[in-house]
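K.L.:
I'd like to ask some things about the structure below.
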2 protein chains.
Amino acid sequence: MNIGQAAKASGVSVKMIRYYDEVGLVRPSGRSEGNYREYDAREVNELRFVRRARGLGFDMAEIAQLLSLWRDRDRSSREVKAIAQRHLEDLDSRIREMQAMADTLRHLAHCCAGDDRPDCPILEDLGGTAPVHTTL
Amino acid sequence: MNIGQAAKASGVSVKMIRYYDEVGLVRPSGRSEGNYREYDAREVNELRFVRRARGLGFDMAEIAQLLSLWRDRDRSSREVKAIAQRHLEDLDSRIREMQAMADTLRHLAHCCAGDDRPDCPILEDLGGTAPVHTTL
DNA sequence: CTTGACCCTCCTATGATGGGAGGGTCTATC
DNA sequence: GATAGACCCTCCCATCATAGGAGGGTCAAG
């Protein structure tokens, strides 16, 4: 199986497959005579694994850990769960941050008339205690 | 006011102030004889504006628009509100995406015993229909 | 034996930020 | 005036995951 077929089978782009090879995340089992990367079913599964893990927001370092646990049939689920929970906390905290932003913005937008007049609570908030009108 | 003082007064790092100058977001009013950037109160306010807008998750392009509206005392609040609402939708959709990830992950982690045994719903999910045990 | 689809490597860019090297400027103190 | 130390300058590099392209080699079907 060459890289294009592996891409179709795994749902990972050719570009990214080369990148995963380069950084050592998923290496092809070998090279053809013409120097083409060769992937077998195991590696295609790993690529699919990586794609799904990316879809859950894991970064490359976390995926490298998960992959190595996946490859190790003697792993403990404890380790996997620990990684997942750390990532989950990270996700939750980023969600909270973004929600704080969204809430603030929603409030400001709600207070803004959104008409032809220049008065705008949004800009006033961003401008802080010294809006341009009073400052200049 | 040189760059270090502007940084303290605005809460923006020296590095970022130079960057904003380079990309034309906030330019110093002039240069000293020794080629030092010179900032006045107006520009320090603009830097503070940028910092706050970044804190609400606006990207540079959006901030450039907001800044130009801020500078224009004849703007309509309609335009500002439109930018804010577009950004808000973007924020909300990213929040929903991350929440979907978090929910999936929470469910998987909940189902995972997290003990010494290798059985792990998290890895099984990532591995898809063909977990490593049955594939190899 | 050519054509077109595919593959290779190497370089570039993204967006916002930080780090550092190598060198010039300013200010206070001696 | 000289010197030290704090500050500033520009230019380069790195991040993270991803994509685009140039220039050139390989392969299979006609």
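Chain labels A, B, ... are given in the sequence in which chains occur in the structure tokens; within each chain residues are numbered consecutively from 1, and ligands are likewise numbered from 1 in the order shown.
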Might you pull out every residue within 9 Å of range 16-18 of chain C, with only C-alpha atoms (C1' of nucleotides) counted and same-chain residues fewer than 5 positions away left off, and present them as number ranges by chain?
P.N.:
B: 15-16, 60; D: 14-15
K.L.:
May I have the selected residues written with N, CA and C atoms (P, O5', C5', C4', C3', O3' and C1' of nucleotides), as a short mmCIF file (atom, residue, chain, number, x, y, z; two decimals), in the first residue's frame?
P.N.:
```
data_model
loop_
_atom_site.label_atom_id
_atom_site.label_comp_id
_atom_site.auth_asym_id
_atom_site.auth_seq_id
_atom_site.Cartn_x
_atom_site.Cartn_y
_atom_site.Cartn_z
N LYS B 15 8.18 43.01 22.83
CA LYS B 15 8.21 42.22 21.59
C LYS B 15 6.96 42.45 20.75
N MET B 16 5.83 42.39 21.41
CA MET B 16 4.57 42.52 20.68
C MET B 16 4.36 43.94 20.16
N MET B 60 -5.97 39.47 14.73
CA MET B 60 -5.37 40.74 14.30
C MET B 60 -6.20 41.46 13.25
P DA D 14 15.27 27.07 14.05
"O5'" DA D 14 14.13 27.18 15.15
"C5'" DA D 14 14.49 27.13 16.53
"C4'" DA D 14 13.21 27.11 17.34
"C3'" DA D 14 12.16 26.17 16.78
"O3'" DA D 14 11.76 25.22 17.76
"C1'" DA D 14 11.24 28.34 17.17
P DT D 15 10.89 23.93 17.30
"O5'" DT D 15 9.45 24.37 17.80
"C5'" DT D 15 9.26 24.78 19.16
"C4'" DT D 15 7.94 25.51 19.29
"C3'" DT D 15 6.73 24.73 18.78
"O3'" DT D 15 6.09 24.15 19.90
"C1'" DT D 15 6.65 27.10 18.24
#
```
K.L.:
Output as a PyMOL selection string the set of chain D residues within 10 Å of chain B, with distances taken over only C-alpha atoms (C1' of nucleotides).
P.N.:
chain D and resi 7-9
K.L.:
If you count only C-alpha atoms (C1' of nucleotides), which residues fall within 12 Å of DT2 in chain C, apart from same-chain ones fewer than 2 positions away, as a PyMOL selection string?
P.N.:
(chain C and resi 4) or (chain D and resi 28-30)
K.L.:
Run DSSP on the backbone and give me the residues of range 13-118 of chain A it puts in helix (DSSP H, G or I), as a PDB file with N, CA and C atoms, in the first residue's frame.
P.N.:
```pdb
ATOM      1  N   VAL A  14      -2.144  12.991   2.591  1.00  0.00           N
ATOM      2  CA  VAL A  14      -0.808  12.552   2.201  1.00  0.00           C
ATOM      3  C   VAL A  14       0.253  13.401   2.900  1.00  0.00           C
ATOM      4  N   LYS A  15       0.029  14.684   2.893  1.00  0.00           N
ATOM      5  CA  LYS A  15       0.964  15.606   3.544  1.00  0.00           C
ATOM      6  C   LYS A  15       1.194  15.232   5.006  1.00  0.00           C
ATOM      7  N   MET A  16       0.097  14.983   5.700  1.00  0.00           N
ATOM      8  CA  MET A  16       0.213  14.700   7.120  1.00  0.00           C
ATOM      9  C   MET A  16       0.850  13.339   7.368  1.00  0.00           C
ATOM     10  N   ILE A  17       0.587  12.389   6.472  1.00  0.00           N
ATOM     11  CA  ILE A  17       1.230  11.079   6.637  1.00  0.00           C
ATOM     12  C   ILE A  17       2.746  11.224   6.547  1.00  0.00           C
ATOM     13  N   ARG A  18       3.191  12.024   5.594  1.00  0.00           N
ATOM     14  CA  ARG A  18       4.643  12.261   5.476  1.00  0.00           C
ATOM     15  C   ARG A  18       5.170  12.928   6.742  1.00  0.00           C
ATOM     16  N   TYR A  19       4.378  13.854   7.259  1.00  0.00           N
ATOM     17  CA  TYR A  19       4.797  14.556   8.479  1.00  0.00           C
ATOM     18  C   TYR A  19       4.885  13.586   9.655  1.00  0.00           C
ATOM     19  N   TYR A  20       3.901  12.723   9.813  1.00  0.00           N
ATOM     20  CA  TYR A  20       3.934  11.760  10.914  1.00  0.00           C
ATOM     21  C   TYR A  20       5.132  10.834  10.786  1.00  0.00           C
ATOM     22  N   ASP A  21       5.483  10.535   9.544  1.00  0.00           N
ATOM     23  CA  ASP A  21       6.685   9.739   9.310  1.00  0.00           C
ATOM     24  C   ASP A  21       7.911  10.517   9.781  1.00  0.00           C
ATOM     25  N   GLU A  22       8.002  11.745   9.343  1.00  0.00           N
ATOM     26  CA  GLU A  22       9.157  12.594   9.658  1.00  0.00           C
ATOM     27  C   GLU A  22       9.369  12.718  11.165  1.00  0.00           C
ATOM     28  N   ALA A  41      -1.595  -2.849   6.889  1.00  0.00           N
ATOM     29  CA  ALA A  41      -2.871  -2.626   7.579  1.00  0.00           C
ATOM     30  C   ALA A  41      -2.666  -2.088   8.994  1.00  0.00           C
ATOM     31  N   ARG A  42      -1.644  -2.569   9.662  1.00  0.00           N
ATOM     32  CA  ARG A  42      -1.348  -2.103  11.024  1.00  0.00           C
ATOM     33  C   ARG A  42      -1.112  -0.598  11.044  1.00  0.00           C
ATOM     34  N   GLU A  43      -0.317  -0.113  10.113  1.00  0.00           N
ATOM     35  CA  GLU A  43       0.014   1.311  10.113  1.00  0.00           C
ATOM     36  C   GLU A  43      -1.166   2.162   9.671  1.00  0.00           C
ATOM     37  N   VAL A  44      -1.956   1.606   8.779  1.00  0.00           N
ATOM     38  CA  VAL A  44      -3.158   2.336   8.385  1.00  0.00           C
ATOM     39  C   VAL A  44      -4.086   2.485   9.588  1.00  0.00           C
ATOM     40  N   ASN A  45      -4.161   1.450  10.391  1.00  0.00           N
ATOM     41  CA  ASN A  45      -4.951   1.548  11.625  1.00  0.00           C
ATOM     42  C   ASN A  45      -4.388   2.616  12.555  1.00  0.00           C
ATOM     43  N   GLU A  46      -3.064   2.671  12.621  1.00  0.00           N
ATOM     44  CA  GLU A  46      -2.445   3.680  13.484  1.00  0.00           C
ATOM     45  C   GLU A  46      -2.757   5.081  12.970  1.00  0.00           C
ATOM     46  N   LEU A  47      -2.725   5.237  11.656  1.00  0.00           N
ATOM     47  CA  LEU A  47      -3.059   6.546  11.088  1.00  0.00           C
ATOM     48  C   LEU A  47      -4.491   6.939  11.431  1.00  0.00           C
ATOM     49  N   ARG A  48      -5.380   5.981  11.340  1.00  0.00           N
ATOM     50  CA  ARG A  48      -6.778   6.250  11.673  1.00  0.00           C
ATOM     51  C   ARG A  48      -6.890   6.615  13.164  1.00  0.00           C
ATOM     52  N   PHE A  49      -6.132   5.899  13.968  1.00  0.00           N
ATOM     53  CA  PHE A  49      -6.070   6.186  15.408  1.00  0.00           C
ATOM     54  C   PHE A  49      -5.652   7.635  15.633  1.00  0.00           C
ATOM     55  N   VAL A  50      -4.607   8.034  14.951  1.00  0.00           N
ATOM     56  CA  VAL A  50      -4.107   9.405  15.099  1.00  0.00           C
ATOM     57  C   VAL A  50      -5.174  10.408  14.680  1.00  0.00           C
ATOM     58  N   ARG A  51      -5.829  10.144  13.566  1.00  0.00           N
ATOM     59  CA  ARG A  51      -6.864  11.060  13.097  1.00  0.00           C
ATOM     60  C   ARG A  51      -7.973  11.216  14.130  1.00  0.00           C
ATOM     61  N   ARG A  52      -8.407  10.109  14.704  1.00  0.00           N
ATOM     62  CA  ARG A  52      -9.476  10.188  15.697  1.00  0.00           C
ATOM     63  C   ARG A  52      -9.010  10.923  16.951  1.00  0.00           C
ATOM     64  N   ALA A  53      -7.775  10.645  17.346  1.00  0.00           N
ATOM     65  CA  ALA A  53      -7.258  11.311  18.541  1.00  0.00           C
ATOM     66  C   ALA A  53      -7.149  12.819  18.305  1.00  0.00           C
ATOM     67  N   ARG A  54      -6.712  13.214  17.112  1.00  0.00           N
ATOM     68  CA  ARG A  54      -6.671  14.637  16.763  1.00  0.00           C
ATOM     69  C   ARG A  54      -8.078  15.224  16.846  1.00  0.00           C
ATOM     70  N   GLY A  55      -9.039  14.429  16.393  1.00  0.00           N
ATOM     71  CA  GLY A  55     -10.423  14.879  16.432  1.00  0.00           C
ATOM     72  C   GLY A  55     -10.920  15.112  17.844  1.00  0.00           C
ATOM     73  N   MET A  60       0.150  16.215  19.535  1.00  0.00           N
ATOM     74  CA  MET A  60       1.036  15.166  19.047  1.00  0.00           C
ATOM     75  C   MET A  60       1.737  14.424  20.179  1.00  0.00           C
ATOM     76  N   ALA A  61       2.150  15.140  21.212  1.00  0.00           N
ATOM     77  CA  ALA A  61       2.851  14.494  22.318  1.00  0.00           C
ATOM     78  C   ALA A  61       1.921  13.499  23.017  1.00  0.00           C
ATOM     79  N   GLU A  62       0.689  13.915  23.229  1.00  0.00           N
ATOM     80  CA  GLU A  62      -0.269  13.029  23.878  1.00  0.00           C
ATOM     81  C   GLU A  62      -0.563  11.823  22.991  1.00  0.00           C
ATOM     82  N   ILE A  63      -0.691  12.074  21.705  1.00  0.00           N
ATOM     83  CA  ILE A  63      -0.985  10.989  20.785  1.00  0.00           C
ATOM     84  C   ILE A  63       0.168   9.997  20.736  1.00  0.00           C
ATOM     85  N   ALA A  64       1.382  10.512  20.810  1.00  0.00           N
ATOM     86  CA  ALA A  64       2.539   9.620  20.824  1.00  0.00           C
ATOM     87  C   ALA A  64       2.444   8.679  22.032  1.00  0.00           C
ATOM     88  N   GLN A  65       2.043   9.231  23.181  1.00  0.00           N
ATOM     89  CA  GLN A  65       1.891   8.394  24.377  1.00  0.00           C
ATOM     90  C   GLN A  65       0.775   7.378  24.190  1.00  0.00           C
ATOM     91  N   LEU A  66      -0.365   7.862  23.687  1.00  0.00           N
ATOM     92  CA  LEU A  66      -1.509   6.971  23.497  1.00  0.00           C
ATOM     93  C   LEU A  66      -1.175   5.863  22.507  1.00  0.00           C
ATOM     94  N   LEU A  67      -0.470   6.237  21.438  1.00  0.00           N
ATOM     95  CA  LEU A  67      -0.106   5.238  20.434  1.00  0.00           C
ATOM     96  C   LEU A  67       0.780   4.173  21.047  1.00  0.00           C
ATOM     97  N   SER A  68       1.707   4.607  21.868  1.00  0.00           N
ATOM     98  CA  SER A  68       2.623   3.612  22.426  1.00  0.00           C
ATOM     99  C   SER A  68       1.880   2.718  23.405  1.00  0.00           C
ATOM    100  N   LEU A  69       0.902   3.260  24.097  1.00  0.00           N
ATOM    101  CA  LEU A  69       0.074   2.422  24.970  1.00  0.00           C
ATOM    102  C   LEU A  69      -0.799   1.481  24.122  1.00  0.00           C
ATOM    103  N   TRP A  70      -1.255   1.980  23.013  1.00  0.00           N
ATOM    104  CA  TRP A  70      -2.107   1.171  22.146  1.00  0.00           C
ATOM    105  C   TRP A  70      -1.334  -0.025  21.600  1.00  0.00           C
ATOM    106  N   ARG A  71      -0.058   0.231  21.308  1.00  0.00           N
ATOM    107  CA  ARG A  71       0.792  -0.823  20.754  1.00  0.00           C
ATOM    108  C   ARG A  71       1.159  -1.856  21.808  1.00  0.00           C
ATOM    109  N   SER A  77      -4.922   0.250  31.810  1.00  0.00           N
ATOM    110  CA  SER A  77      -5.871   1.275  31.380  1.00  0.00           C
ATOM    111  C   SER A  77      -5.730   2.519  32.261  1.00  0.00           C
ATOM    112  N   ARG A  78      -5.110   2.347  33.415  1.00  0.00           N
ATOM    113  CA  ARG A  78      -4.881   3.477  34.316  1.00  0.00           C
ATOM    114  C   ARG A  78      -4.114   4.598  33.613  1.00  0.00           C
ATOM    115  N   GLU A  79      -3.048   4.186  32.913  1.00  0.00           N
ATOM    116  CA  GLU A  79      -2.214   5.183  32.228  1.00  0.00           C
ATOM    117  C   GLU A  79      -2.997   5.918  31.167  1.00  0.00           C
ATOM    118  N   VAL A  80      -3.775   5.163  30.403  1.00  0.00           N
ATOM    119  CA  VAL A  80      -4.564   5.776  29.340  1.00  0.00           C
ATOM    120  C   VAL A  80      -5.551   6.778  29.938  1.00  0.00           C
ATOM    121  N   LYS A  81      -6.231   6.326  30.964  1.00  0.00           N
ATOM    122  CA  LYS A  81      -7.243   7.178  31.579  1.00  0.00           C
ATOM    123  C   LYS A  81      -6.611   8.461  32.130  1.00  0.00           C
ATOM    124  N   ALA A  82      -5.419   8.324  32.683  1.00  0.00           N
ATOM    125  CA  ALA A  82      -4.743   9.499  33.245  1.00  0.00           C
ATOM    126  C   ALA A  82      -4.481  10.537  32.143  1.00  0.00           C
ATOM    127  N   ILE A  83      -3.993  10.071  31.010  1.00  0.00           N
ATOM    128  CA  ILE A  83      -3.735  10.985  29.897  1.00  0.00           C
ATOM    129  C   ILE A  83      -5.034  11.642  29.453  1.00  0.00           C
ATOM    130  N   ALA A  84      -6.064  10.829  29.327  1.00  0.00           N
ATOM    131  CA  ALA A  84      -7.350  11.353  28.870  1.00  0.00           C
ATOM    132  C   ALA A  84      -7.877  12.394  29.847  1.00  0.00           C
ATOM    133  N   GLN A  85      -7.733  12.119  31.121  1.00  0.00           N
ATOM    134  CA  GLN A  85      -8.283  13.059  32.103  1.00  0.00           C
ATOM    135  C   GLN A  85      -7.496  14.356  32.172  1.00  0.00           C
ATOM    136  N   ARG A  86      -6.188  14.241  32.011  1.00  0.00           N
ATOM    137  CA  ARG A  86      -5.386  15.462  31.973  1.00  0.00           C
ATOM    138  C   ARG A  86      -5.841  16.319  30.778  1.00  0.00           C
ATOM    139  N   HIS A  87      -6.003  15.654  29.658  1.00  0.00           N
ATOM    140  CA  HIS A  87      -6.430  16.383  28.458  1.00  0.00           C
ATOM    141  C   HIS A  87      -7.828  16.964  28.644  1.00  0.00           C
ATOM    142  N   LEU A  88      -8.648  16.211  29.319  1.00  0.00           N
ATOM    143  CA  LEU A  88     -10.016  16.670  29.556  1.00  0.00           C
ATOM    144  C   LEU A  88     -10.030  17.939  30.416  1.00  0.00           C
ATOM    145  N   GLU A  89      -9.191  17.952  31.434  1.00  0.00           N
ATOM    146  CA  GLU A  89      -9.100  19.153  32.267  1.00  0.00           C
ATOM    147  C   GLU A  89      -8.626  20.343  31.444  1.00  0.00           C
ATOM    148  N   ASP A  90      -7.668  20.060  30.583  1.00  0.00           N
ATOM    149  CA  ASP A  90      -7.143  21.103  29.714  1.00  0.00           C
ATOM    150  C   ASP A  90      -8.251  21.646  28.807  1.00  0.00           C
ATOM    151  N   LEU A  91      -8.985  20.737  28.203  1.00  0.00           N
ATOM    152  CA  LEU A  91     -10.107  21.123  27.351  1.00  0.00           C
ATOM    153  C   LEU A  91     -11.101  21.967  28.127  1.00  0.00           C
ATOM    154  N   ASP A  92     -11.467  21.471  29.302  1.00  0.00           N
ATOM    155  CA  ASP A  92     -12.477  22.176  30.100  1.00  0.00           C
ATOM    156  C   ASP A  92     -12.009  23.578  30.454  1.00  0.00           C
ATOM    157  N   SER A  93     -10.729  23.694  30.763  1.00  0.00           N
ATOM    158  CA  SER A  93     -10.281  25.026  31.176  1.00  0.00           C
ATOM    159  C   SER A  93     -10.269  25.967  29.973  1.00  0.00           C
ATOM    160  N   ARG A  94      -9.914  25.421  28.797  1.00  0.00           N
ATOM    161  CA  ARG A  94      -9.954  26.282  27.613  1.00  0.00           C
ATOM    162  C   ARG A  94     -11.387  26.658  27.263  1.00  0.00           C
ATOM    163  N   ILE A  95     -12.296  25.713  27.460  1.00  0.00           N
ATOM    164  CA  ILE A  95     -13.703  26.014  27.195  1.00  0.00           C
ATOM    165  C   ILE A  95     -14.188  27.119  28.128  1.00  0.00           C
ATOM    166  N   ARG A  96     -13.803  27.002  29.389  1.00  0.00           N
ATOM    167  CA  ARG A  96     -14.219  28.039  30.346  1.00  0.00           C
ATOM    168  C   ARG A  96     -13.689  29.409  29.940  1.00  0.00           C
ATOM    169  N   GLU A  97     -12.417  29.440  29.532  1.00  0.00           N
ATOM    170  CA  GLU A  97     -11.830  30.704  29.071  1.00  0.00           C
ATOM    171  C   GLU A  97     -12.622  31.302  27.919  1.00  0.00           C
ATOM    172  N   MET A  98     -12.899  30.454  26.927  1.00  0.00           N
ATOM    173  CA  MET A  98     -13.588  30.961  25.752  1.00  0.00           C
ATOM    174  C   MET A  98     -15.013  31.373  26.102  1.00  0.00           C
ATOM    175  N   GLN A  99     -15.590  30.670  27.042  1.00  0.00           N
ATOM    176  CA  GLN A  99     -16.946  31.018  27.430  1.00  0.00           C
ATOM    177  C   GLN A  99     -16.980  32.358  28.161  1.00  0.00           C
ATOM    178  N   ALA A 100     -15.933  32.613  28.931  1.00  0.00           N
ATOM    179  CA  ALA A 100     -15.855  33.911  29.604  1.00  0.00           C
ATOM    180  C   ALA A 100     -15.772  35.023  28.554  1.00  0.00           C
ATOM    181  N   MET A 101     -14.938  34.785  27.536  1.00  0.00           N
ATOM    182  CA  MET A 101     -14.853  35.755  26.444  1.00  0.00           C
ATOM    183  C   MET A 101     -16.217  35.953  25.793  1.00  0.00           C
ATOM    184  N   ALA A 102     -16.849  34.844  25.463  1.00  0.00           N
ATOM    185  CA  ALA A 102     -18.128  34.916  24.757  1.00  0.00           C
ATOM    186  C   ALA A 102     -19.177  35.630  25.607  1.00  0.00           C
ATOM    187  N   ASP A 103     -19.173  35.348  26.904  1.00  0.00           N
ATOM    188  CA  ASP A 103     -20.166  35.978  27.776  1.00  0.00           C
ATOM    189  C   ASP A 103     -19.975  37.491  27.821  1.00  0.00           C
ATOM    190  N   THR A 104     -18.718  37.897  27.992  1.00  0.00           N
ATOM    191  CA  THR A 104     -18.421  39.329  28.012  1.00  0.00           C
ATOM    192  C   THR A 104     -18.882  39.979  26.710  1.00  0.00           C
ATOM    193  N   LEU A 105     -18.524  39.337  25.623  1.00  0.00           N
ATOM    194  CA  LEU A 105     -18.832  39.903  24.313  1.00  0.00           C
ATOM    195  C   LEU A 105     -20.338  39.949  24.080  1.00  0.00           C
ATOM    196  N   ARG A 106     -21.025  38.920  24.538  1.00  0.00           N
ATOM    197  CA  ARG A 106     -22.473  38.875  24.373  1.00  0.00           C
ATOM    198  C   ARG A 106     -23.116  40.023  25.149  1.00  0.00           C
ATOM    199  N   HIS A 107     -22.604  40.223  26.333  1.00  0.00           N
ATOM    200  CA  HIS A 107     -23.130  41.325  27.138  1.00  0.00           C
ATOM    201  C   HIS A 107     -22.910  42.666  26.434  1.00  0.00           C
ATOM    202  N   LEU A 108     -21.686  42.881  25.961  1.00  0.00           N
ATOM    203  CA  LEU A 108     -21.376  44.150  25.301  1.00  0.00           C
ATOM    204  C   LEU A 108     -22.222  44.334  24.050  1.00  0.00           C
ATOM    205  N   ALA A 109     -22.335  43.276  23.267  1.00  0.00           N
ATOM    206  CA  ALA A 109     -23.111  43.369  22.022  1.00  0.00           C
ATOM    207  C   ALA A 109     -24.582  43.649  22.343  1.00  0.00           C
ATOM    208  N   HIS A 110     -25.036  43.054  23.425  1.00  0.00           N
ATOM    209  CA  HIS A 110     -26.419  43.266  23.836  1.00  0.00           C
ATOM    210  C   HIS A 110     -26.664  44.739  24.190  1.00  0.00           C
ATOM    211  N   CYS A 111     -25.646  45.344  24.807  1.00  0.00           N
ATOM    212  CA  CYS A 111     -25.778  46.739  25.235  1.00  0.00           C
ATOM    213  C   CYS A 111     -25.588  47.719  24.086  1.00  0.00           C
TER     214      CYS A 111
END
```
K.L.:
What are the nearest atom pairs, with distances in Å to one decimal, for all residues of chain C that come at most 12 Å from chain A, using only C-alpha atoms (C1' of nucleotides), set out by chain and rising residue number as CSV?
P.N.:
```
residue,atom,partner,partner_atom,distance
C:DA5,C1',A:Gly4,CA,11.1
C:DC6,C1',A:Gly4,CA,8.1
C:DC7,C1',A:Tyr36,CA,6.4
C:DC8,C1',A:Tyr36,CA,7.4
C:DT9,C1',A:Arg18,CA,10.8
```
K.L.:
Among chain B, which residues does DSSP mark as strand (DSSP E) when it is run on the backbone? Keep the chain and numbering as in the structure and answer as a PyMOL selection string.
P.N.:
chain B and resi 30-31+37-38
K.L.:
Using only C-alpha atoms (C1' of nucleotides), determine which residues lie at most 8 Å from Glu38 in chain A, disregarding the query and same-chain residues fewer than 2 positions distant; provide the list as JSON, numbers by chain.
P.N.:
{"A": [1, 2, 3, 28, 29, 30, 31, 32, 36, 40]}
K.L.:
Dump C-alpha atoms for the selected residues as a tab-separated table (two decimals), in the first residue's frame?
P.N.:
```tsv
chain	number	residue	atom	x	y	z
A	1	MET	CA	0.00	0.00	0.00
A	2	ASN	CA	1.54	3.30	-1.01
A	3	ILE	CA	0.95	6.66	0.63
A	28	PRO	CA	5.95	3.18	7.10
A	29	SER	CA	6.96	-0.46	7.38
A	30	GLY	CA	9.37	0.01	4.50
A	31	ARG	CA	10.19	1.58	1.18
A	32	SER	CA	9.68	0.22	-2.31
A	36	TYR	CA	7.90	4.90	-2.18
A	40	ASP	CA	0.47	-2.15	5.83
```
K.L.:
Just want the 12 Å neighbourhood of DG21 in chain D, counted on only C-alpha atoms (C1' of nucleotides), with same-chain residues fewer than 5 positions away dropped. Output as a PyMOL selection string.
P.N.:
chain C and resi 10-13
K.L.:
Taking N, CA and C atoms (P, O5', C5', C4', C3', O3' and C1' of nucleotides) for each residue, export the selection above as an mmCIF file, in the first residue's frame.
P.N.:
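Result file is result.cif:
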```
data_model
loop_
_atom_site.group_PDB
_atom_site.id
_atom_site.type_symbol
_atom_site.label_atom_id
_atom_site.label_comp_id
_atom_site.auth_asym_id
_atom_site.auth_seq_id
_atom_site.Cartn_x
_atom_site.Cartn_y
_atom_site.Cartn_z
ATOM 1 P P DC C 10 15.664 16.308 1.656
ATOM 2 O "O5'" DC C 10 15.257 17.801 1.249
ATOM 3 C "C5'" DC C 10 15.674 18.302 -0.028
ATOM 4 C "C4'" DC C 10 15.095 19.686 -0.249
ATOM 5 C "C3'" DC C 10 15.121 20.577 1.003
ATOM 6 O "O3'" DC C 10 15.627 21.852 0.648
ATOM 7 C "C1'" DC C 10 12.956 20.533 0.068
ATOM 8 P P DC C 11 15.981 22.927 1.798
ATOM 9 O "O5'" DC C 11 14.835 23.999 1.549
ATOM 10 C "C5'" DC C 11 14.645 24.494 0.224
ATOM 11 C "C4'" DC C 11 13.397 25.331 0.161
ATOM 12 C "C3'" DC C 11 13.222 26.289 1.349
ATOM 13 O "O3'" DC C 11 13.064 27.612 0.849
ATOM 14 C "C1'" DC C 11 11.222 25.118 0.904
ATOM 15 P P DT C 12 12.959 28.854 1.826
ATOM 16 O "O5'" DT C 12 11.386 29.097 1.926
ATOM 17 C "C5'" DT C 12 10.638 29.371 0.740
ATOM 18 C "C4'" DT C 12 9.173 29.531 1.103
ATOM 19 C "C3'" DT C 12 8.970 30.354 2.375
ATOM 20 O "O3'" DT C 12 8.340 31.579 2.035
ATOM 21 C "C1'" DT C 12 7.603 28.389 2.347
ATOM 22 P P DA C 13 8.045 32.688 3.195
ATOM 23 O "O5'" DA C 13 6.553 32.349 3.649
ATOM 24 C "C5'" DA C 13 5.536 32.189 2.659
ATOM 25 C "C4'" DA C 13 4.270 31.758 3.343
ATOM 26 C "C3'" DA C 13 4.061 32.458 4.682
ATOM 27 O "O3'" DA C 13 2.950 33.352 4.580
ATOM 28 C "C1'" DA C 13 3.681 30.084 4.845
#
```
